[in-house]
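Chemist: Supplied structure: coords.cif, mmCIF, C-alpha atoms.
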data_entry
#
loop_
_atom_site.label_atom_id
_atom_site.label_comp_id
_atom_site.auth_asym_id
_atom_site.auth_seq_id
_atom_site.Cartn_x
_atom_site.Cartn_y
_atom_site.Cartn_z
CA MET H 6 -14.60 254.97 16.19
CA THR H 7 -17.24 252.44 17.06
CA LYS H 8 -17.53 251.82 13.34
CA GLY H 9 -14.39 249.71 13.59
CA PHE H 10 -16.33 247.00 15.30
CA SER H 11 -16.95 243.77 13.57
CA VAL H 12 -19.81 242.01 15.20
CA ALA H 13 -18.43 238.61 14.47
CA GLY H 14 -20.14 235.59 15.89
CA SER H 15 -23.41 237.40 16.42
CA ASN H 16 -25.22 234.98 14.16
CA ASP H 17 -24.99 232.10 16.59
CA SER H 18 -26.17 234.20 19.54
CA ALA H 19 -29.25 235.52 17.77
CA GLY H 20 -31.43 232.67 18.99
CA GLU H 21 -30.50 233.00 22.66
CA GLN H 22 -31.29 236.67 23.11
CA HIS H 23 -33.98 235.98 25.65
CA VAL H 24 -32.10 233.27 27.47
CA GLU H 25 -29.41 234.17 30.00
CA THR H 26 -26.53 235.06 27.74
CA PRO H 27 -23.17 234.39 29.33
CA GLU H 28 -21.17 237.61 29.50
CA ILE H 29 -17.85 237.71 27.73
CA GLU H 30 -15.08 240.22 28.18
CA PRO H 31 -14.81 242.10 24.87
CA ASP H 32 -11.51 243.05 23.29
CA TYR H 33 -10.12 245.92 25.40
CA ARG H 34 -9.84 248.07 22.28
CA PHE H 35 -13.61 247.98 21.83
CA THR H 36 -14.11 248.93 25.48
CA LEU H 37 -11.72 251.87 25.06
CA ALA H 38 -13.37 252.93 21.80
CA ASN H 39 -16.75 252.90 23.54
CA GLU H 40 -15.30 255.00 26.36
CA ARG H 41 -13.93 257.56 23.88
CA THR H 42 -17.27 257.69 22.09
CA PHE H 43 -18.96 258.48 25.42
CA LEU H 44 -16.44 261.25 26.04
CA ALA H 45 -17.04 262.63 22.53
CA TRP H 46 -20.78 262.78 23.31
CA ALA H 47 -19.96 264.51 26.59
CA ARG H 48 -17.86 267.09 24.75
CA THR H 49 -20.60 267.65 22.18
CA ALA H 50 -22.98 268.34 25.07
CA LEU H 51 -20.43 270.72 26.58
CA GLY H 52 -20.03 272.53 23.27
CA LEU H 53 -23.79 273.02 23.04
CA LEU H 54 -23.83 274.22 26.66
CA ALA H 55 -21.05 276.71 25.90
CA ALA H 56 -23.08 277.99 22.95
CA ALA H 57 -26.11 278.35 25.24
CA VAL H 58 -24.16 280.34 27.82
CA ALA H 59 -22.56 282.50 25.13
CA VAL H 60 -25.91 283.28 23.50
CA VAL H 61 -27.43 284.43 26.79
CA GLN H 62 -24.40 286.13 28.32
CA LEU H 63 -22.51 287.65 25.42
CA LEU H 64 -24.96 288.26 22.57
CA PRO H 65 -26.58 291.71 22.32
CA GLU H 66 -30.37 291.72 22.79
CA LEU H 67 -32.16 290.35 19.72
CA PRO H 68 -34.93 292.15 17.78
CA ILE H 69 -37.56 289.96 19.45
CA PRO H 70 -37.46 290.46 23.23
CA GLY H 71 -36.82 287.26 25.12
CA ALA H 72 -35.63 285.44 21.98
CA ARG H 73 -32.06 285.38 23.28
CA LYS H 74 -33.02 283.64 26.49
CA LEU H 75 -35.30 281.23 24.65
CA LEU H 76 -32.57 280.30 22.16
CA GLY H 77 -30.10 279.80 25.01
CA VAL H 78 -32.42 277.58 27.01
CA PHE H 79 -33.25 275.55 23.88
CA LEU H 80 -29.54 275.00 23.24
CA ALA H 81 -28.99 274.01 26.87
CA LEU H 82 -31.86 271.51 26.73
CA LEU H 83 -30.36 270.04 23.56
CA ALA H 84 -27.08 269.78 25.48
CA MET H 85 -28.83 267.91 28.28
CA MET H 86 -30.40 265.45 25.84
CA THR H 87 -27.02 264.93 24.20
CA ALA H 88 -25.38 264.20 27.56
CA GLY H 89 -28.10 261.72 28.48
CA MET H 90 -27.93 260.10 25.06
CA GLY H 91 -24.16 259.65 25.35
CA TYR H 92 -24.50 257.89 28.68
CA ARG H 93 -27.31 255.65 27.43
CA ARG H 94 -25.34 254.74 24.30
CA TRP H 95 -22.32 253.80 26.36
CA ALA H 96 -24.38 251.47 28.54
CA GLN H 97 -26.18 249.94 25.53
CA ILE H 98 -22.99 249.28 23.59
CA ASP H 99 -21.20 247.89 26.64
CA ARG H 100 -24.06 245.47 27.26
CA ALA H 101 -24.26 244.44 23.62
CA MET H 102 -20.53 243.76 23.42
CA ARG H 103 -20.54 241.69 26.60
CA ARG H 104 -23.38 239.51 25.29
CA ASP H 105 -21.90 239.35 21.81
CA LEU H 106 -25.07 240.88 20.35
CA PRO H 107 -25.14 243.17 17.32
CA LEU H 108 -24.59 246.82 18.21
CA PRO H 109 -27.78 248.81 18.81
CA ARG H 110 -29.07 251.24 16.21
CA GLN H 111 -28.07 254.87 16.40
CA PRO H 112 -31.08 257.18 16.25
CA ALA H 113 -29.52 259.73 18.66
CA ILE H 114 -27.48 261.42 15.95
CA ALA H 115 -30.67 262.16 13.99
CA TYR H 116 -32.28 263.88 17.00
CA LEU H 117 -29.20 266.01 17.48
CA ALA H 118 -29.11 266.91 13.79
CA VAL H 119 -32.80 267.90 13.82
CA GLY H 120 -32.18 270.06 16.90
CA LEU H 121 -29.22 271.78 15.27
CA ILE H 122 -31.16 272.38 12.05
CA GLY H 123 -33.91 273.93 14.19
CA ILE H 124 -31.40 276.29 15.80
CA GLY H 125 -30.00 277.18 12.39
CA LEU H 126 -33.49 278.03 11.11
CA ILE H 127 -34.30 280.12 14.21
CA THR H 128 -31.04 282.04 13.81
CA LEU H 129 -31.78 282.61 10.12
CA ALA H 130 -35.29 283.85 10.97
CA LEU H 131 -33.84 286.26 13.53
CA VAL H 132 -31.37 287.63 10.98
CA ILE H 133 -34.20 288.16 8.46
CA VAL H 134 -36.33 289.89 11.12
CA LYS H 135 -33.43 292.16 11.95
CA VAL H 136 -32.85 293.05 8.27
CA VAL H 137 -36.55 293.72 7.65
CA ALA H 138 -36.89 295.75 10.84
CA GLY H 139 -33.83 297.75 9.82
CA MET N 145 -8.26 249.82 12.69
CA THR N 146 -6.74 246.69 11.29
CA SER N 147 -8.60 243.47 11.76
CA PRO N 148 -7.35 241.90 14.98
CA GLU N 149 -5.94 238.40 15.12
CA PRO N 150 -8.06 236.20 17.36
CA ASN N 151 -6.79 235.48 20.88
CA VAL N 152 -4.09 238.10 20.65
CA ARG N 153 -3.96 240.99 23.13
CA PRO N 154 -1.48 243.36 21.56
CA GLU N 155 0.00 246.25 23.50
CA PRO N 156 -2.58 248.98 24.15
CA GLY N 157 -0.08 251.74 23.26
CA ARG N 158 -1.85 254.45 21.36
CA GLN N 159 -5.32 253.17 22.29
CA ALA N 160 -4.64 253.89 25.96
CA GLU N 161 -2.99 257.19 25.09
CA ARG N 162 -5.92 258.33 23.00
CA THR N 163 -8.35 257.38 25.72
CA THR N 164 -6.41 259.31 28.37
CA LEU N 165 -6.21 262.34 26.08
CA ALA N 166 -9.96 262.13 25.50
CA TRP N 167 -10.49 262.42 29.26
CA THR N 168 -8.12 265.40 29.44
CA ARG N 169 -9.87 267.10 26.53
CA THR N 170 -13.24 266.60 28.18
CA SER N 171 -11.89 268.07 31.41
CA PHE N 172 -10.83 271.22 29.54
CA ALA N 173 -14.22 271.47 27.86
CA VAL N 174 -15.90 271.45 31.29
CA LEU N 175 -13.46 274.06 32.58
CA ALA N 176 -14.14 276.32 29.58
CA ASN N 177 -17.85 276.21 30.39
CA GLY N 178 -17.13 277.23 33.97
CA ALA N 179 -15.05 280.17 32.76
CA LEU N 180 -17.73 281.21 30.28
CA LEU N 181 -20.34 281.28 33.05
CA VAL N 182 -18.48 283.87 35.11
CA VAL N 183 -16.70 285.84 32.37
CA LYS N 184 -19.37 288.51 32.43
CA ASP N 185 -19.79 288.50 36.19
CA LEU N 186 -16.19 289.38 36.94
CA HIS N 187 -16.79 293.08 36.37
CA ALA N 188 -20.45 293.20 37.33
CA ASP N 189 -22.55 291.99 40.22
CA ALA N 190 -21.93 288.28 40.41
CA ARG N 191 -25.17 286.37 40.26
CA PRO N 192 -25.07 283.59 42.86
CA LEU N 193 -26.60 280.93 40.60
CA ASN N 194 -23.94 281.56 37.96
CA LEU N 195 -21.25 281.22 40.60
CA ILE N 196 -22.76 277.95 41.82
CA ALA N 197 -22.83 276.61 38.25
CA ALA N 198 -19.25 277.74 37.68
CA GLY N 199 -18.13 276.13 40.94
CA LEU N 200 -19.84 272.91 39.90
CA ALA N 201 -18.07 273.07 36.52
CA ILE N 202 -14.67 273.50 38.16
CA ALA N 203 -15.34 270.57 40.50
CA LEU N 204 -16.44 268.41 37.55
CA ALA N 205 -13.37 269.45 35.53
CA LEU N 206 -11.09 268.39 38.40
CA THR N 207 -12.95 265.10 38.81
CA THR N 208 -12.63 264.40 35.09
CA CYS N 209 -8.93 265.18 35.25
CA VAL N 210 -8.42 262.83 38.24
CA ILE N 211 -10.34 260.06 36.45
CA GLY N 212 -8.09 260.61 33.43
CA ILE N 213 -4.96 260.21 35.55
CA GLU N 214 -6.38 257.08 37.23
CA ARG N 215 -7.29 255.71 33.82
CA GLN N 216 -3.76 256.25 32.58
CA ARG N 217 -2.45 254.26 35.57
CA THR N 218 -4.92 251.44 35.01
CA LEU N 219 -4.15 251.18 31.31
CA ALA N 220 -0.40 251.27 31.91
CA ARG N 221 -0.56 248.08 34.01
CA ARG N 222 0.87 244.89 32.55
CA PRO N 223 -0.77 242.56 32.11
CA LEU N 224 -3.82 244.68 31.40
CA PRO N 225 -6.64 244.02 33.91
CA GLN N 226 -9.36 241.70 32.56
CA ASP N 227 -12.29 244.07 33.02
CA ILE N 228 -11.35 247.65 32.14
CA ALA N 229 -14.84 249.07 31.52
CA PRO N 230 -15.00 252.30 33.58
CA ARG N 231 -18.62 251.85 34.70
CA ARG N 232 -18.47 253.97 37.81
CA SER N 233 -16.56 256.83 36.15
CA VAL N 234 -18.89 256.95 33.16
CA ARG N 235 -21.94 256.99 35.43
CA LEU N 236 -20.43 259.69 37.67
CA ILE N 237 -19.46 261.96 34.77
CA GLY N 238 -22.67 261.29 32.83
CA ILE N 239 -24.94 262.17 35.75
CA SER N 240 -22.81 265.11 36.95
CA LEU N 241 -22.86 266.55 33.44
CA ILE N 242 -26.67 266.40 33.32
CA VAL N 243 -26.82 268.09 36.74
CA LEU N 244 -24.38 270.80 35.61
CA ILE N 245 -26.45 271.48 32.49
CA GLY N 246 -29.62 271.57 34.61
CA VAL N 247 -28.13 274.15 37.01
CA THR N 248 -26.91 276.18 34.02
CA VAL N 249 -30.39 276.14 32.45
CA VAL N 250 -31.84 277.52 35.70
CA ALA N 251 -29.05 280.12 35.89
CA LEU N 252 -29.65 281.21 32.28
CA ALA N 253 -33.43 281.32 32.57
CA GLY N 254 -33.45 283.16 35.91
#
Starting from the coordinates I provided, produce the structure as structure tokens.
Modeler:
Amino acid sequence: MTKGFSVAGSNDSAGEQHVETPEIEPDYRFTLANERTFLAWARTALGLLAAAVAVVQLLPELPIPGARKLLGVFLALLAMMTAGMGYRRWAQIDRAMRRDLPLPRQPAIAYLAVGLIGIGLITLALVIVKVVAG
Amino acid sequence: MTSPEPNVRPEPGRQAERTTLAWTRTSFAVLANGALLVVKDLHADARPLNLIAAGLAIALALTTCVIGIERQRTLARRPLPQDIAPRRSVRLIGISLIVLIGVTVVALAG
């Protein structure tokens, strides 16, 4: 949703980044979009947390002892990072909009993707181990 | 999103509605986590740390729901208040969520 932003007028504010930039009230729609983006991050974190709880509580014990707990804790830590990232993003975007600066870059998604790929690979490895072990 | 005309504050309408629904949805997501934490403990010995985490989740779900209702009221006001950024709510939910995840990690690892 934040993609709907047009950072108009940011060219004239580029030179005064280090000076006290007067704060402007952004269009309420941008504020609401930022709020919804934060909530979407929060729900992503909650989804990861639910996966963590489900892995530990509901999954049968995996071929490698302790792997279940490790996978669960890894997922939960990813959830925590996601929650923190969502909050940080909200604050960054809010500040940028109020100072009419260009929106900050978005590296958080890449971290999350790498984490999820890692979990996918671990799960795949566990399946292979199970097949090989019979 | 269509490109907005400058200096025009059109009716929030769906924007406000979507935002309120996003709060509600988040509240349900928290509640689901709370339920998931105790689903196994209902017919076994309840582990205290799981119960604490579940209690925390229920409290956070209620808080999120209350914020959503408050938000709906704020956004229904005409004219719309100048500054509608929910700084305190976002900080409260953001930090509480990290705490909830932290307690859950300890509960899962223990």
Chemist: So which residues fall inside 10 Å of (-17.4, 280.5, 29.0) if we count all atoms listed in the file? Mind giving them as a VMD selection string?
Modeler: (chain H and resid 54 to 59 62 to 63) or (chain N and resid 173 to 184 198)
Chemist: If you count only C-alpha atoms, which residues fall within 9 Å of stretch 242-244 of chain N, apart from same-chain ones fewer than 4 positions away, as JSON, numbers by chain?
Modeler: {"H": [84, 85, 86, 88, 89], "N": [197, 198, 200, 201, 204, 237, 238, 248, 249]}
Chemist: Per residue of chain H within 9 Å of chain N, what are the shortest atom pair and its distance in Å to one decimal, counting only C-alpha atoms, with rows by chain and residue number, as CSV?
Modeler:
residue,atom,partner,partner_atom,distance
H:Met6,CA,N:Met145,CA,8.9
H:Gly9,CA,N:Met145,CA,6.2
H:Phe10,CA,N:Met145,CA,8.9
H:Ser11,CA,N:Ser147,CA,8.5
H:Glu30,CA,N:Asp227,CA,6.8
H:Pro31,CA,N:Asp227,CA,8.8
H:Asp32,CA,N:Arg153,CA,7.8
H:Tyr33,CA,N:Ile228,CA,7.1
H:Arg34,CA,N:Gln159,CA,6.8
H:Thr36,CA,N:Ala229,CA,6.1
H:Leu37,CA,N:Thr163,CA,6.5
H:Ala38,CA,N:Thr163,CA,7.8
H:Glu40,CA,N:Thr163,CA,7.4
H:Arg41,CA,N:Thr163,CA,5.9
H:Phe43,CA,N:Val234,CA,7.9
H:Leu44,CA,N:Ala166,CA,6.6
H:Ala45,CA,N:Ala166,CA,7.7
H:Ala47,CA,N:Thr170,CA,7.2
H:Arg48,CA,N:Thr170,CA,5.8
H:Ala50,CA,N:Leu241,CA,8.6
H:Leu51,CA,N:Ala173,CA,6.4
H:Gly52,CA,N:Ala173,CA,7.5
H:Leu54,CA,N:Ile245,CA,7.0
H:Ala55,CA,N:Asn177,CA,5.5
H:Ala57,CA,N:Leu252,CA,8.4
H:Val58,CA,N:Leu181,CA,6.5
H:Ala59,CA,N:Leu180,CA,7.2
H:Val61,CA,N:Leu252,CA,6.7
H:Gln62,CA,N:Lys184,CA,6.9
H:Leu63,CA,N:Lys184,CA,7.7
H:Lys74,CA,N:Ala253,CA,6.5
H:Leu75,CA,N:Ala253,CA,8.1
H:Gly77,CA,N:Leu252,CA,7.4
H:Val78,CA,N:Val249,CA,6.0
H:Ala81,CA,N:Val249,CA,6.1
H:Leu82,CA,N:Val249,CA,7.5
H:Ala84,CA,N:Ile245,CA,7.2
H:Met85,CA,N:Ile242,CA,5.7
H:Met86,CA,N:Ile242,CA,8.4
H:Ala88,CA,N:Ile242,CA,6.3
H:Gly89,CA,N:Ile242,CA,6.9
H:Gly91,CA,N:Gly238,CA,7.8
H:Tyr92,CA,N:Gly238,CA,5.7
H:Trp95,CA,N:Val234,CA,8.2
H:Ala96,CA,N:Arg231,CA,8.4
H:Asp99,CA,N:Ala229,CA,8.1
Chemist: Counting only C-alpha atoms, which of H:Ile69, H:Leu106, H:Ala115, H:Val60 gets nearest to H:Ile133?
Modeler: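 Looking only at the distances to H:Ile133, the closest residue turns out to be H:Ile69.
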Chemist: Please list as a ChimeraX atom specification every residue within 7 Å of H:Arg104, counting all atoms listed in the file and excluding residues in the same chain fewer than 3 positions away.
Modeler: /H:26-29,100-101
Chemist: Just give me the gap between atom CA of H:Leu80 and atom CA of H:Val132 in Å, one decimal is fine.
Modeler: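 Between atom CA of H:Leu80 and atom CA of H:Val132 the gap is 17.7 Å.
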